[in-house]
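Quick look at upload-v2.txt (compact mmCIF, C-alpha atoms):
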# COMPACT_ATOMS: atom_id res chain seq x y z
CA MET A 1 -30.70 -0.65 8.17
CA LEU A 2 -29.80 -3.00 5.36
CA PRO A 3 -31.38 -6.48 5.50
CA CYS A 4 -27.88 -8.01 5.17
CA PRO A 5 -24.51 -6.43 5.95
CA VAL A 6 -22.44 -5.45 2.93
CA PRO A 7 -19.51 -7.91 2.52
CA GLU A 8 -16.25 -6.38 3.67
CA ILE A 9 -14.57 -6.86 0.29
CA GLN A 10 -17.19 -4.54 -1.25
CA ARG A 11 -16.59 -1.66 1.18
CA THR A 12 -12.85 -1.64 1.93
CA ASN A 13 -9.61 -0.82 0.15
CA LEU A 14 -8.67 -3.73 -2.10
CA GLY A 15 -4.97 -2.89 -2.41
CA ASN A 16 -3.73 -5.79 -0.27
CA VAL A 17 -6.14 -8.26 -1.91
CA LEU A 18 -5.06 -7.26 -5.42
CA LEU A 19 -1.39 -7.51 -4.46
CA LEU A 20 -2.00 -11.07 -3.27
CA LEU A 21 -3.87 -12.02 -6.46
CA LYS A 22 -1.11 -10.53 -8.60
CA SER A 23 1.47 -12.56 -6.69
CA LEU A 24 -0.56 -15.67 -7.61
CA LYS A 25 -0.06 -14.78 -11.31
CA ILE A 26 -3.70 -13.79 -11.91
CA GLU A 27 -3.57 -11.37 -14.83
CA ASN A 28 -7.10 -10.09 -15.41
CA LEU A 29 -8.44 -8.98 -12.03
CA LEU A 30 -11.57 -7.38 -13.46
CA ASP A 31 -12.84 -10.79 -14.60
CA PHE A 32 -11.72 -12.68 -11.50
CA ASP A 33 -14.51 -14.82 -10.03
CA PHE A 34 -14.94 -13.25 -6.58
CA MET A 35 -17.52 -14.84 -4.28
CA ASP A 36 -18.91 -11.33 -3.60
CA PRO A 37 -17.59 -9.22 -6.50
CA PRO A 38 -16.61 -5.68 -5.46
CA PRO A 39 -17.50 -2.77 -7.75
CA GLN A 40 -15.14 -2.59 -10.71
CA ASP A 41 -14.41 1.06 -9.90
CA ASN A 42 -12.95 -0.07 -6.56
CA ILE A 43 -10.69 -2.58 -8.33
CA VAL A 44 -9.52 0.02 -10.87
CA ASN A 45 -8.88 2.64 -8.16
CA SER A 46 -6.92 0.16 -6.05
CA MET A 47 -4.81 -0.90 -9.05
CA TYR A 48 -4.17 2.78 -9.80
CA GLN A 49 -3.00 3.32 -6.21
CA LEU A 50 -0.65 0.32 -6.51
CA TRP A 51 0.74 1.72 -9.77
CA VAL A 52 1.26 5.13 -8.16
CA LEU A 53 3.15 3.49 -5.27
CA GLY A 54 5.37 1.61 -7.74
CA ALA A 55 4.02 -1.86 -6.86
CA LEU A 56 2.74 -2.39 -10.43
CA ASN A 57 4.43 -1.47 -13.69
CA ASN A 58 2.75 0.09 -16.74
CA VAL A 59 1.35 -3.25 -17.94
CA GLY A 60 -0.04 -4.29 -14.55
CA ALA A 61 2.65 -6.76 -13.46
CA LEU A 62 4.30 -6.75 -10.03
CA THR A 63 7.56 -4.82 -9.76
CA GLU A 64 10.45 -5.69 -7.44
CA ILE A 65 8.96 -3.35 -4.81
CA GLY A 66 5.56 -4.98 -5.34
CA TRP A 67 6.92 -8.48 -4.63
CA LYS A 68 8.40 -7.21 -1.35
CA MET A 69 5.15 -5.44 -0.40
CA VAL A 70 3.24 -8.73 -0.78
CA GLU A 71 5.19 -10.16 2.17
CA PHE A 72 3.78 -7.61 4.64
CA PRO A 73 0.21 -7.97 6.02
CA LEU A 74 -0.26 -4.21 5.74
CA ASP A 75 -2.01 -1.66 3.59
CA PRO A 76 0.19 -0.93 0.55
CA PRO A 77 1.17 2.62 1.67
CA LEU A 78 2.39 1.29 5.04
CA ALA A 79 4.38 -1.46 3.31
CA LYS A 80 5.87 1.16 0.97
CA MET A 81 6.80 3.28 4.01
CA LEU A 82 8.75 0.35 5.48
CA LEU A 83 10.66 -0.19 2.24
CA MET A 84 11.46 3.52 2.00
CA GLY A 85 12.67 3.38 5.59
CA GLU A 86 15.16 0.76 4.45
CA GLN A 87 16.39 3.00 1.59
CA LEU A 88 16.63 6.13 3.77
CA GLU A 89 18.26 4.19 6.63
CA CYS A 90 15.58 4.97 9.22
CA LEU A 91 13.83 1.59 9.26
CA ASP A 92 13.73 1.30 13.06
CA GLU A 93 11.77 4.55 13.41
CA VAL A 94 9.46 3.81 10.47
CA LEU A 95 8.79 0.34 11.89
CA THR A 96 7.55 1.92 15.12
CA ILE A 97 5.31 4.40 13.27
CA VAL A 98 3.76 1.66 11.11
CA SER A 99 3.08 -0.42 14.23
CA MET A 100 1.40 2.52 15.97
CA LEU A 101 -0.73 3.25 12.88
CA SER A 102 -1.85 -0.41 12.80
CA VAL A 103 -3.68 -0.12 16.14
CA PRO A 104 -6.52 2.19 17.30
CA SER A 105 -5.65 5.56 18.79
CA VAL A 106 -3.68 5.23 22.02
CA PHE A 107 -4.99 8.52 23.46
CA PHE A 108 -7.94 8.77 25.81
CA ARG A 109 -9.55 11.95 27.10
CA PRO A 110 -11.87 11.55 30.11
CA LYS A 111 -14.65 14.12 30.24
CA ASP A 112 -13.96 14.96 33.87
CA ARG A 113 -10.19 15.44 33.29
CA ILE A 114 -10.03 17.13 29.88
CA GLU A 115 -7.56 19.87 30.81
CA GLU A 116 -5.28 17.46 32.66
CA SER A 117 -5.24 14.99 29.74
CA ASP A 118 -4.56 17.76 27.21
CA ALA A 119 -1.64 19.04 29.31
CA ALA A 120 -0.17 15.52 29.51
CA ARG A 121 -0.57 15.09 25.77
CA GLU A 122 1.20 18.36 24.99
CA LYS A 123 4.34 17.05 26.71
CA LEU A 124 4.55 14.24 24.14
CA LEU A 125 3.72 16.19 21.00
CA VAL A 126 6.30 16.69 18.24
CA PRO A 127 5.86 19.89 16.19
CA GLU A 128 4.89 19.52 12.52
CA SER A 129 4.15 15.78 12.64
CA ASP A 130 1.55 13.47 14.18
CA HIS A 131 3.57 10.50 12.89
CA LEU A 132 6.61 11.65 14.86
CA THR A 133 4.37 12.16 17.89
CA LEU A 134 3.46 8.46 17.74
CA LEU A 135 7.15 7.61 17.43
CA ASN A 136 7.99 9.80 20.43
CA ILE A 137 5.26 8.19 22.55
CA TYR A 138 6.55 4.69 21.84
CA LYS A 139 10.17 5.71 22.55
CA GLN A 140 9.16 7.34 25.85
CA TRP A 141 7.19 4.24 26.83
CA LYS A 142 10.19 2.06 25.98
CA GLU A 143 12.51 4.25 28.06
CA HIS A 144 10.15 3.76 31.02
CA GLN A 145 10.39 -0.06 30.70
CA TYR A 146 6.95 -0.40 29.05
CA ARG A 147 5.25 0.41 32.37
CA GLY A 148 1.47 0.62 32.62
CA ASP A 149 1.45 3.31 35.34
CA TRP A 150 3.41 5.64 33.04
CA CYS A 151 0.65 5.20 30.41
CA ASN A 152 -2.05 5.99 32.98
CA ASP A 153 -0.20 9.15 34.08
CA HIS A 154 -0.05 10.34 30.46
CA PHE A 155 -3.61 9.26 29.55
CA LEU A 156 -2.54 6.56 27.10
CA HIS A 157 -4.18 3.18 26.47
CA VAL A 158 -1.66 0.61 27.68
CA LYS A 159 -3.47 -2.16 25.77
CA GLY A 160 -3.08 -0.26 22.50
CA LEU A 161 0.63 0.26 23.10
CA ARG A 162 1.12 -3.41 23.96
CA LYS A 163 -0.69 -4.37 20.76
CA ALA A 164 1.59 -2.03 18.80
CA ARG A 165 4.58 -3.73 20.41
CA GLU A 166 3.27 -7.14 19.28
CA VAL A 167 2.73 -5.87 15.73
CA ARG A 168 6.25 -4.42 15.71
CA SER A 169 7.68 -7.77 16.80
CA GLN A 170 5.80 -9.61 14.02
CA LEU A 171 6.98 -7.12 11.38
CA MET A 172 10.53 -7.48 12.69
CA ASP A 173 10.30 -11.25 12.12
CA ILE A 174 9.18 -10.66 8.52
CA LEU A 175 12.10 -8.28 7.94
CA LYS A 176 14.49 -10.93 9.25
CA THR A 177 12.94 -13.47 6.87
CA LEU A 178 13.50 -11.06 3.97
CA LYS A 179 17.06 -10.44 5.23
CA ILE A 180 16.46 -6.70 5.57
CA SER A 181 18.71 -5.10 8.16
CA VAL A 182 17.15 -2.62 10.60
CA THR A 183 18.85 0.78 10.47
CA THR A 184 18.28 3.86 12.60
CA CYS A 185 18.68 7.59 12.03
CA ALA A 186 18.86 8.41 15.77
CA TYR A 187 17.12 11.79 16.12
CA ASP A 188 17.46 13.01 12.51
CA TRP A 189 13.69 12.82 12.12
CA ASP A 190 13.51 14.84 8.89
CA VAL A 191 14.51 11.61 7.13
CA VAL A 192 11.55 9.88 8.80
CA ARG A 193 9.19 12.59 7.53
CA LYS A 194 10.57 12.02 4.04
CA ALA A 195 9.81 8.28 4.33
CA VAL A 196 6.23 9.14 5.37
CA CYS A 197 5.97 11.50 2.38
CA ALA A 198 7.13 8.70 0.03
CA ALA A 199 4.19 6.54 1.12
CA TYR A 200 1.48 9.20 1.27
CA PHE A 201 2.38 11.79 -1.38
CA HIS A 202 -0.95 10.96 -3.08
CA ASN A 203 -2.68 12.16 0.13
CA SER A 204 -1.20 15.65 0.14
CA ALA A 205 -2.80 19.02 0.87
CA LYS A 206 -1.81 22.67 0.67
CA LEU A 207 -2.56 25.31 3.30
CA LYS A 208 -5.36 27.69 2.36
CA SER A 209 -5.98 29.49 5.65
CA ASN A 210 -5.64 28.74 9.36
CA ARG A 211 -5.88 24.91 9.68
CA GLU A 212 -7.87 24.77 6.43
CA TYR A 213 -6.31 22.93 3.49
CA VAL A 214 -7.16 21.90 -0.06
CA ASN A 215 -6.20 18.54 -1.54
CA CYS A 216 -3.33 19.00 -4.03
CA ARG A 217 -4.84 16.56 -6.54
CA SER A 218 -8.61 17.03 -6.30
CA GLY A 219 -8.88 20.54 -4.83
CA MET A 220 -11.30 19.19 -2.20
CA PRO A 221 -11.29 21.22 1.03
CA CYS A 222 -10.10 19.39 4.14
CA HIS A 223 -9.25 20.48 7.66
CA LEU A 224 -6.54 19.74 10.16
CA HIS A 225 -7.89 18.07 13.28
CA PRO A 226 -7.84 20.33 16.39
CA SER A 227 -5.56 17.86 18.19
CA SER A 228 -3.10 17.59 15.28
CA THR A 229 0.37 19.15 15.31
CA GLY A 230 1.12 18.54 11.61
CA ILE A 231 0.86 22.20 10.61
CA GLY A 232 2.81 23.31 7.54
CA GLU A 233 2.33 24.82 4.09
CA TYR A 234 2.20 21.30 2.63
CA VAL A 235 1.14 18.20 4.56
CA VAL A 236 0.53 14.52 3.87
CA TYR A 237 -2.06 12.60 5.86
CA HIS A 238 -2.91 8.99 6.68
CA GLU A 239 -6.62 9.16 5.84
CA LEU A 240 -9.67 11.43 5.84
CA ILE A 241 -12.41 11.13 8.45
CA LEU A 242 -15.81 12.67 7.75
CA THR A 243 -17.64 14.12 10.76
CA SER A 244 -18.97 17.65 10.54
CA LYS A 245 -16.04 18.36 8.20
CA GLU A 246 -13.42 16.38 6.26
CA TYR A 247 -10.66 16.01 8.85
CA MET A 248 -7.15 14.78 8.04
CA GLN A 249 -6.10 12.06 10.45
CA CYS A 250 -2.41 11.81 11.36
CA ALA A 251 -0.86 14.60 9.29
CA THR A 252 2.80 15.48 8.77
CA ALA A 253 4.29 18.67 7.34
CA VAL A 254 6.55 17.99 4.35
CA ASP A 255 8.88 19.89 2.06
CA PRO A 256 7.27 20.56 -1.36
CA GLN A 257 10.52 19.43 -3.01
CA TRP A 258 9.94 15.99 -1.49
CA LEU A 259 6.57 15.81 -3.23
CA ALA A 260 8.20 16.56 -6.58
CA GLU A 261 11.02 14.10 -5.92
CA LEU A 262 8.95 11.21 -4.57
CA GLY A 263 5.71 11.76 -6.49
CA PRO A 264 6.72 12.96 -9.98
CA ILE A 265 3.50 11.43 -11.34
CA PHE A 266 1.54 14.30 -9.74
CA PHE A 267 4.05 17.02 -8.85
CA SER A 268 6.94 18.90 -10.39
CA LEU A 269 8.88 22.06 -9.59
CA LYS A 270 8.08 25.11 -11.68
CA ASP A 271 11.49 26.77 -11.62
CA SER A 272 11.96 28.16 -15.15
CA ASP A 273 10.17 29.82 -18.05
CA SER A 274 10.50 26.67 -20.15
CA TYR A 275 8.70 24.61 -17.48
CA ASP A 276 5.49 24.10 -19.49
CA MET A 277 7.38 23.00 -22.60
CA VAL A 278 9.57 20.53 -20.67
CA HIS A 279 6.58 19.21 -18.71
CA LYS A 280 4.58 18.60 -21.90
CA LYS A 281 7.58 16.93 -23.55
CA ASN A 282 8.04 14.58 -20.58
CA HIS A 283 4.34 13.81 -20.57
CA VAL A 284 4.41 12.88 -24.27
CA GLN A 285 7.49 10.69 -23.75
CA GLU A 286 5.88 8.87 -20.81
CA LYS A 287 2.68 8.34 -22.78
CA THR A 288 4.60 6.99 -25.79
CA SER A 289 6.61 4.68 -23.53
CA MET A 290 3.43 3.30 -21.92
CA GLU A 291 1.80 2.75 -25.32
CA ASN A 292 4.90 0.88 -26.55
CA GLU A 293 4.90 -1.32 -23.45
CA MET A 294 1.21 -2.13 -23.94
CA GLU A 295 1.79 -2.93 -27.61
CA ASN A 296 4.69 -5.25 -26.70
CA LEU A 297 2.49 -6.95 -24.11
CA ARG A 298 -0.29 -7.51 -26.66
CA ARG A 299 2.23 -8.94 -29.12
CA MET A 300 3.69 -11.28 -26.49
CA ARG A 301 0.24 -12.46 -25.44
CA LYS A 302 -0.69 -13.08 -29.07
CA VAL A 303 2.45 -15.16 -29.62
CA ALA A 304 1.86 -17.07 -26.37
CA ALA A 305 -1.76 -17.81 -27.36
CA LYS A 306 -0.62 -19.03 -30.78
CA GLU A 307 1.99 -21.33 -29.23
CA GLU A 308 -0.56 -22.67 -26.74
CA LYS A 309 -2.98 -23.42 -29.56
CA GLU A 310 -0.27 -25.24 -31.54
CA LYS A 311 0.58 -27.34 -28.47
CA GLU A 312 -3.08 -28.25 -27.97
CA ASP A 313 -3.42 -29.21 -31.67
CA LYS A 314 -0.33 -31.45 -31.48
CA LYS A 315 -1.59 -33.01 -28.27
CA SER A 316 -5.03 -33.76 -29.72
CA LYS A 317 -3.49 -35.29 -32.89
CA LYS A 318 -1.23 -37.47 -30.79
CA GLU A 319 -4.19 -38.67 -28.70
CA GLN A 320 -6.12 -39.53 -31.89
CA GLN A 321 -3.19 -41.64 -33.16
CA VAL A 322 -2.90 -43.56 -29.90
CA VAL A 323 -6.60 -44.39 -29.75
CA SER A 324 -7.28 -47.42 -31.96
CA MET A 325 -9.95 -50.03 -32.50
CA ALA A 326 -10.00 -53.18 -30.42
CA GLY A 327 -8.13 -55.84 -32.36
CA LEU A 328 -6.38 -53.37 -34.68
CA ARG A 329 -2.64 -54.06 -34.63
CA GLN A 330 -0.71 -50.84 -33.93
CA GLY A 331 1.10 -49.48 -36.97
CA THR A 332 -0.90 -51.63 -39.48
CA ALA A 333 -4.34 -51.66 -41.01
CA THR A 334 -4.76 -55.44 -40.55
CA TYR A 335 -7.73 -56.38 -38.43
CA ILE A 336 -7.24 -59.42 -36.17
CA ARG A 337 -10.41 -61.25 -35.24
CA PRO A 338 -10.61 -61.51 -31.45
CA LYS A 339 -10.64 -65.04 -30.02
CA ILE A 340 -13.99 -66.38 -28.83
CA PHE A 341 -13.93 -68.42 -25.69
CA GLY A 342 -16.84 -70.78 -25.05
CA LEU A 343 -17.84 -74.24 -23.89
Translate the structure described by the file into structure tokens.
Amino acid sequence: MLPCPVPEIQRTNLGNVLLLLKSLKIENLLDFDFMDPPPQDNIVNSMYQLWVLGALNNVGALTEIGWKMVEFPLDPPLAKMLLMGEQLECLDEVLTIVSMLSVPSVFFRPKDRIEESDAAREKLLVPESDHLTLLNIYKQWKEHQYRGDWCNDHFLHVKGLRKAREVRSQLMDILKTLKISVTTCAYDWDVVRKAVCAAYFHNSAKLKSNREYVNCRSGMPCHLHPSSTGIGEYVVYHELILTSKEYMQCATAVDPQWLAELGPIFFSLKDSDSYDMVHKKNHVQEKTSMENEMENLRRMRKVAAKEEKEKEDKKSKKEQQVVSMAGLRQGTATYIRPKIFGL
């Protein structure tokens, strides 16, 4: 064991921390004076994730979506999912899913009642999506008046569900503060899957064989958990858990067109012979645009630094003029001998 535990800021995702610092108008995060500085690679990776989610623009400043994401005490992908729920008019359902993802797993599986618990769980499962399964569980619990005995009959942790209900209530208050109206899609849950895809397109995988996938970006092999229902040719997942294998936790099957639509940074549809030429042309245009933005930012910073220096020079000259010798009449060079008081 380590002599001292590693500070949490050095071993966790920094996305929420960096969003907060950006909202406080701190420009250079790499040189920020942390009490326990995290590795710079972690900072860069977290900033890259925020840029991918659209919270930061090409020069590292907060976007309109980024300013809204700051208001939520959530990981950036979950905050992005809420905002996409607003756009796709399924905010009520997404709000429930985010609340359920913010608490530990609500399932329990006693060793002496494994078959019975698995049978009860199967009644609540939604095909192709673990996220929709969580939504279905919460809706069923709500329909049964949030009863604890219903949770016990279905092998669910009632404390976890109550915690999710509290989180949902707190997020609802934040939405009211931001004047965001809560919309619902009823049972058109494909829209909900699209909102999930918009938040986790960077965690996508493609089916290789039975329940075995490869990450679409890195090519790393990963596996669908035995209890997961999110089986499809393409899936997005909440996070990876390493046990004997890399297992995808909370996976949802998605349409590959959604990946191209919502994550054009990584994906595009290859639908014509001229695809490579168009793709290269778009890549060059994006690169040129980013370089121009960076050049404009450097120019603006240079002008701002020059103006700041001129202000400081004027201020220092003014202070030198105000300071004068004792007995020197202001505006003249005539020295007046100070009066001497004595006996």
### CA of Gly66 (chain A) to CA of Ser23 (chain A), straight-line distance in Å
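So the answer is 8.7 Å.
Nearest residue to Met100 (chain A) among A:Arg165, A:Glu122, A:Gly148, A:Gly60 is A:Arg165, counting all atoms listed in the file.
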### Task
Around the point (-3.7, 1.8, 16.1) in the file's coordinates, collect all residues with an atom within 12 Å, using only C-alpha atoms, and return them as a list in words.
Thr96, Ile97, Val98, Ser99, Met100, Leu101, Ser102, Val103, Pro104, Ser105, Val106, Phe107, His131, Leu134, His157, Val158, Lys159, Gly160, Leu161, Arg162, Lys163, Ala164, Arg165, Glu166, Val167, Arg168, His238, Gln249 and Cys250 of chain A
### Message
Between CA of Asn136 (chain A) and CA of Ala253 (chain A), what distance in Å does the model show, to one decimal?
### Response
16.2 Å
### Query
Which polymer residues, protein or nucleic acid, are no farther than 12 Å from (-5.9, -9.7, -14.7), counting only C-alpha atoms, as an MDAnalysis selection string?
chainID A and resid 18:19 21:33 43:44 47 59:62
Could you please take those selected residues and save C-alpha atoms as a tab-separated table (two decimals), keeping the file's coordinate frame?
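Now in again.tsv:
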chain	number	residue	atom	x	y	z
A	18	LEU	CA	-5.06	-7.26	-5.42
A	19	LEU	CA	-1.39	-7.51	-4.46
A	21	LEU	CA	-3.87	-12.02	-6.46
A	22	LYS	CA	-1.11	-10.53	-8.60
A	23	SER	CA	1.47	-12.56	-6.69
A	24	LEU	CA	-0.56	-15.67	-7.61
A	25	LYS	CA	-0.06	-14.78	-11.31
A	26	ILE	CA	-3.70	-13.79	-11.91
A	27	GLU	CA	-3.57	-11.37	-14.83
A	28	ASN	CA	-7.10	-10.09	-15.41
A	29	LEU	CA	-8.44	-8.98	-12.03
A	30	LEU	CA	-11.57	-7.38	-13.46
A	31	ASP	CA	-12.84	-10.79	-14.60
A	32	PHE	CA	-11.72	-12.68	-11.50
A	33	ASP	CA	-14.51	-14.82	-10.03
A	43	ILE	CA	-10.69	-2.58	-8.33
A	44	VAL	CA	-9.52	0.02	-10.87
A	47	MET	CA	-4.81	-0.90	-9.05
A	59	VAL	CA	1.35	-3.25	-17.94
A	60	GLY	CA	-0.04	-4.29	-14.55
A	61	ALA	CA	2.65	-6.76	-13.46
A	62	LEU	CA	4.30	-6.75	-10.03
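Remark: for Asp255 (chain A), the closest of the candidate residues A:Tyr234, A:Phe267, A:Phe155, A:Phe72 is A:Tyr234 (distances computed over only C-alpha atoms).
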Using only C-alpha atoms, which residues of region 78-179 of chain A come within 10 Å of region 197-203 of chain A, and what is the closest atom pair for each, with the distance in Å to one decimal? Give it as JSON lines, sorted by chain and residue number.
{"residue": "A:Leu78", "atom": "CA", "partner": "A:Ala199", "partner_atom": "CA", "distance": 6.8}
{"residue": "A:Ala79", "atom": "CA", "partner": "A:Ala199", "partner_atom": "CA", "distance": 8.3}
{"residue": "A:Lys80", "atom": "CA", "partner": "A:Ala199", "partner_atom": "CA", "distance": 5.6}
{"residue": "A:Met81", "atom": "CA", "partner": "A:Ala199", "partner_atom": "CA", "distance": 5.1}
{"residue": "A:Leu82", "atom": "CA", "partner": "A:Ala199", "partner_atom": "CA", "distance": 8.8}
{"residue": "A:Leu83", "atom": "CA", "partner": "A:Ala199", "partner_atom": "CA", "distance": 9.4}
{"residue": "A:Met84", "atom": "CA", "partner": "A:Ala198", "partner_atom": "CA", "distance": 7.0}
{"residue": "A:Gly85", "atom": "CA", "partner": "A:Ala198", "partner_atom": "CA", "distance": 9.5}
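You can rank A:Ser209, A:Lys317, A:Ala195, A:Gly219 by their closest distance to Leu259 (chain A) using only C-alpha atoms, and at the top of that list sits A:Ala195.
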What box, with edges along x, y and z, holds each listed atom of region 67-72 of chain A when 4 Å is added on every side, and can you state its centre and edge lengths in Å to one decimal, as AutoDock Vina command-line options?
--center_x 5.8 --center_y -7.8 --center_z 0.0 --size_x 13.2 --size_y 12.7 --size_z 17.3
### Query
Which polymer residues have any atom within 12 Å of an atom of Asn58 (chain A), counting all atoms listed in the file, with same-chain residues fewer than 3 positions away left out, as a count of residues only?
23
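A straight line drawn from CA of Leu156 (chain A) to CA of Thr252 (chain A) is 21.1 Å long.
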### Message
I'd like the contact shell of region 230-233 of chain A - 9 Å cut-off, all atoms listed in the file, skipping same-chain residues fewer than 6 positions apart - returned as a ChimeraX atom specification.
### Response
/A:126-131,205-208,211,213,224,250-256
Let's have the selection written as a compact mmCIF listing (two decimals), in the frame of the given file, with C-alpha atoms.
# COMPACT_ATOMS: atom_id res chain seq x y z
CA VAL A 126 6.30 16.69 18.24
CA PRO A 127 5.86 19.89 16.19
CA GLU A 128 4.89 19.52 12.52
CA SER A 129 4.15 15.78 12.64
CA ASP A 130 1.55 13.47 14.18
CA HIS A 131 3.57 10.50 12.89
CA ALA A 205 -2.80 19.02 0.87
CA LYS A 206 -1.81 22.67 0.67
CA LEU A 207 -2.56 25.31 3.30
CA LYS A 208 -5.36 27.69 2.36
CA ARG A 211 -5.88 24.91 9.68
CA TYR A 213 -6.31 22.93 3.49
CA LEU A 224 -6.54 19.74 10.16
CA CYS A 250 -2.41 11.81 11.36
CA ALA A 251 -0.86 14.60 9.29
CA THR A 252 2.80 15.48 8.77
CA ALA A 253 4.29 18.67 7.34
CA VAL A 254 6.55 17.99 4.35
CA ASP A 255 8.88 19.89 2.06
CA PRO A 256 7.27 20.56 -1.36
### Query
Near region 180-191 of chain A, counting only C-alpha atoms, which residues have an atom at most 9 Å away, once you skip same-chain residues fewer than 2 positions from it, shown as number ranges by chain?
A: 85-86, 88-93, 95, 132, 172, 174-178, 193-196, 254
### Query
Between A:Glu246, A:Asp313, A:Asp36, A:Glu64, which one has atoms that come closest to Glu212 (chain A), using all atoms listed in the file?
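Of the candidates, the smallest distance to Glu212 (chain A) is held by A:Glu246.
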### Query
Between A:Glu116, A:Glu310, A:Glu239, A:Asp173, which has the minimum distance to Glu71 (chain A) (counting all atoms listed in the file)?
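Result for the nearest residue to Glu71 (chain A): A:Asp173.
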